[in-house]
Amino acid sequence: MKSIKEQLRDIVAERLEMEPDAVDKADRLEDHGDSLAFLDLVSEVEKVFDIRISNEELDKLTSFADLVGVVEQSLLARA
């Protein structure tokens, strides 16, 4: 079973058309796609993990590490 980070890496790579190895190194995810692609990414993450990412969290979400943190926190809060 893939870790949360690995699952997110696959989703980000697919949605933002990046190589999986480049995802971890990306400073700003928004630099790798337009705003619609970024919103599509967030929507897919919410669907896959059955979570909601608030607008406040969305505003702070810039890097892959930020995304991993938000998803992990959301899953912990749900448990």
# chains A, B, ... in the order shown; residues from 1 in each chain; ligands from 1

$ residues_around --residues "range 30-32 of chain A" --least-positions-apart "2" --cutoff "8 Å" --atoms "only C-alpha atoms" --output "PyMOL selection string"
chain A and resi 16-18+28+34-35+38+62

$ select_by_dssp --residues "chain A" --states "helix (DSSP H, G or I)" --output "number ranges by chain"
A: 4-15, 20-23, 29-32, 35-49, 55-60, 64-78

$ residues_around --residues "Glu72 in chain A" --least-positions-apart "6" --cutoff "10 Å" --atoms "only C-alpha atoms" --output "list of chain:residue names"
A:Ile4, A:Lys5, A:Phe49, A:Asp66, A:Arg78

$ write_last_selection --atoms "C-alpha atoms" --output "PDB file, in the first residue's frame"
ATOM      1  CA  ILE A   4       0.001   9.317   1.642  1.00  0.00           C
ATOM      2  CA  LYS A   5       3.041  11.103   0.255  1.00  0.00           C
ATOM      3  CA  PHE A  49      -8.778  11.081   0.420  1.00  0.00           C
ATOM      4  CA  ASP A  66       2.308  21.952   2.281  1.00  0.00           C
ATOM      5  CA  ARG A  78     -11.178  12.793  10.891  1.00  0.00           C
TER       6      ARG A  78
END

$ closest_residue --among "A:Asp21, A:Glu44, A:Glu6, A:Asp27" --to "Leu61 in chain A" --atoms "only C-alpha atoms"
A:Asp27

$ closest_residue --among "A:Ala26, A:Leu39, A:Val45, A:Ala77" --to "Asp59 in chain A" --atoms "only C-alpha atoms"
A:Leu39

$ residues_around --residues "Glu46 in chain A" --least-positions-apart "5" --cutoff "12 Å" --atoms "only C-alpha atoms" --output "list in words"
Leu8, Ile11, Leu39, Asp40, Leu41, Ile51, Arg52, Ile53, Ser54, Leu58, Leu67, Val70, Val71, Glu72, Ser74 and Leu75 of chain A

$ atom_distance --atom1 "CA of Glu57 in chain A" --atom2 "CA of Arg9 in chain A"
18.8 Å

$ closest_residue --among "A:Ala79, A:Leu36, A:Asp50, A:Val42" --to "Val12 in chain A" --atoms "only C-alpha atoms"
A:Val42

$ closest_residue --among "A:Gly33, A:Lys47, A:Asp24, A:Leu76" --to "Phe64 in chain A" --atoms "only C-alpha atoms"
A:Asp24

$ closest_residue --among "A:Gln73, A:Asn55, A:Gln7, A:Ser63" --to "Lys25 in chain A" --atoms "only C-alpha atoms"
A:Ser63

$ decode --residues "range 43-77 of chain A" --atoms "N, CA and C atoms" --output "mmCIF file, in the first residue's frame"
data_model
loop_
_atom_site.group_PDB
_atom_site.id
_atom_site.type_symbol
_atom_site.label_atom_id
_atom_site.label_comp_id
_atom_site.auth_asym_id
_atom_site.auth_seq_id
_atom_site.Cartn_x
_atom_site.Cartn_y
_atom_site.Cartn_z
ATOM 1 N N SER A 43 -9.246 19.320 -6.124
ATOM 2 C CA SER A 43 -10.489 18.558 -6.195
ATOM 3 C C SER A 43 -10.219 17.055 -6.202
ATOM 4 N N GLU A 44 -9.231 16.636 -6.961
ATOM 5 C CA GLU A 44 -8.873 15.215 -7.025
ATOM 6 C C GLU A 44 -8.364 14.721 -5.674
ATOM 7 N N VAL A 45 -7.548 15.524 -5.006
ATOM 8 C CA VAL A 45 -7.028 15.151 -3.686
ATOM 9 C C VAL A 45 -8.187 15.000 -2.697
ATOM 10 N N GLU A 46 -9.122 15.936 -2.722
ATOM 11 C CA GLU A 46 -10.283 15.858 -1.826
ATOM 12 C C GLU A 46 -11.085 14.586 -2.090
ATOM 13 N N LYS A 47 -11.243 14.246 -3.352
ATOM 14 C CA LYS A 47 -12.018 13.060 -3.724
ATOM 15 C C LYS A 47 -11.304 11.776 -3.300
ATOM 16 N N VAL A 48 -10.033 11.678 -3.597
ATOM 17 C CA VAL A 48 -9.273 10.460 -3.304
ATOM 18 C C VAL A 48 -9.191 10.196 -1.802
ATOM 19 N N PHE A 49 -8.964 11.250 -1.024
ATOM 20 C CA PHE A 49 -8.778 11.081 0.420
ATOM 21 C C PHE A 49 -10.052 11.346 1.225
ATOM 22 N N ASP A 50 -11.144 11.688 0.541
ATOM 23 C CA ASP A 50 -12.421 11.968 1.189
ATOM 24 C C ASP A 50 -12.264 13.028 2.283
ATOM 25 N N ILE A 51 -11.672 14.160 1.896
ATOM 26 C CA ILE A 51 -11.458 15.281 2.811
ATOM 27 C C ILE A 51 -11.936 16.562 2.139
ATOM 28 N N ARG A 52 -11.994 17.632 2.910
ATOM 29 C CA ARG A 52 -12.281 18.964 2.373
ATOM 30 C C ARG A 52 -11.113 19.865 2.728
ATOM 31 N N ILE A 53 -10.618 20.601 1.766
ATOM 32 C CA ILE A 53 -9.551 21.572 1.989
ATOM 33 C C ILE A 53 -10.208 22.943 1.981
ATOM 34 N N SER A 54 -10.132 23.629 3.117
ATOM 35 C CA SER A 54 -10.796 24.927 3.253
ATOM 36 C C SER A 54 -10.100 25.984 2.402
ATOM 37 N N ASN A 55 -10.805 27.073 2.162
ATOM 38 C CA ASN A 55 -10.208 28.186 1.414
ATOM 39 C C ASN A 55 -8.991 28.738 2.136
ATOM 40 N N GLU A 56 -9.051 28.762 3.465
ATOM 41 C CA GLU A 56 -7.915 29.237 4.261
ATOM 42 C C GLU A 56 -6.690 28.349 4.035
ATOM 43 N N GLU A 57 -6.899 27.030 4.064
ATOM 44 C CA GLU A 57 -5.802 26.094 3.816
ATOM 45 C C GLU A 57 -5.319 26.215 2.375
ATOM 46 N N LEU A 58 -6.242 26.399 1.473
ATOM 47 C CA LEU A 58 -5.906 26.519 0.055
ATOM 48 C C LEU A 58 -4.992 27.714 -0.197
ATOM 49 N N ASP A 59 -5.256 28.821 0.493
ATOM 50 C CA ASP A 59 -4.428 30.023 0.343
ATOM 51 C C ASP A 59 -2.990 29.795 0.798
ATOM 52 N N LYS A 60 -2.802 28.894 1.757
ATOM 53 C CA LYS A 60 -1.464 28.626 2.303
ATOM 54 C C LYS A 60 -0.746 27.501 1.556
ATOM 55 N N LEU A 61 -1.456 26.842 0.683
ATOM 56 C CA LEU A 61 -0.935 25.660 0.011
ATOM 57 C C LEU A 61 -0.111 26.071 -1.211
ATOM 58 N N THR A 62 1.194 26.002 -1.088
ATOM 59 C CA THR A 62 2.036 26.374 -2.223
ATOM 60 C C THR A 62 2.955 25.241 -2.663
ATOM 61 N N SER A 63 3.526 24.523 -1.721
ATOM 62 C CA SER A 63 4.498 23.484 -2.074
ATOM 63 C C SER A 63 3.903 22.091 -1.885
ATOM 64 N N PHE A 64 4.618 21.105 -2.380
ATOM 65 C CA PHE A 64 4.197 19.718 -2.200
ATOM 66 C C PHE A 64 4.175 19.368 -0.719
ATOM 67 N N ALA A 65 5.162 19.850 0.030
ATOM 68 C CA ALA A 65 5.207 19.592 1.472
ATOM 69 C C ALA A 65 3.972 20.171 2.163
ATOM 70 N N ASP A 66 3.529 21.352 1.725
ATOM 71 C CA ASP A 66 2.308 21.952 2.281
ATOM 72 C C ASP A 66 1.107 21.044 2.025
ATOM 73 N N LEU A 67 1.017 20.528 0.820
ATOM 74 C CA LEU A 67 -0.094 19.655 0.452
ATOM 75 C C LEU A 67 -0.100 18.396 1.310
ATOM 76 N N VAL A 68 1.057 17.783 1.479
ATOM 77 C CA VAL A 68 1.163 16.581 2.311
ATOM 78 C C VAL A 68 0.703 16.898 3.732
ATOM 79 N N GLY A 69 1.156 18.026 4.273
ATOM 80 C CA GLY A 69 0.783 18.415 5.629
ATOM 81 C C GLY A 69 -0.713 18.621 5.798
ATOM 82 N N VAL A 70 -1.336 19.301 4.845
ATOM 83 C CA VAL A 70 -2.780 19.558 4.915
ATOM 84 C C VAL A 70 -3.560 18.244 4.861
ATOM 85 N N VAL A 71 -3.169 17.354 3.978
ATOM 86 C CA VAL A 71 -3.875 16.074 3.854
ATOM 87 C C VAL A 71 -3.696 15.249 5.123
ATOM 88 N N GLU A 72 -2.475 15.169 5.634
ATOM 89 C CA GLU A 72 -2.238 14.393 6.855
ATOM 90 C C GLU A 72 -3.031 14.956 8.031
ATOM 91 N N GLN A 73 -3.055 16.276 8.175
ATOM 92 C CA GLN A 73 -3.819 16.897 9.266
ATOM 93 C C GLN A 73 -5.311 16.626 9.116
ATOM 94 N N SER A 74 -5.809 16.708 7.913
ATOM 95 C CA SER A 74 -7.233 16.455 7.672
ATOM 96 C C SER A 74 -7.602 15.013 8.006
ATOM 97 N N LEU A 75 -6.734 14.092 7.638
ATOM 98 C CA LEU A 75 -6.998 12.683 7.925
ATOM 99 C C LEU A 75 -6.924 12.400 9.422
ATOM 100 N N LEU A 76 -5.985 13.030 10.121
ATOM 101 C CA LEU A 76 -5.882 12.857 11.572
ATOM 102 C C LEU A 76 -7.100 13.434 12.283
ATOM 103 N N ALA A 77 -7.566 14.576 11.827
ATOM 104 C CA ALA A 77 -8.726 15.219 12.442
ATOM 105 C C ALA A 77 -9.980 14.367 12.270
#
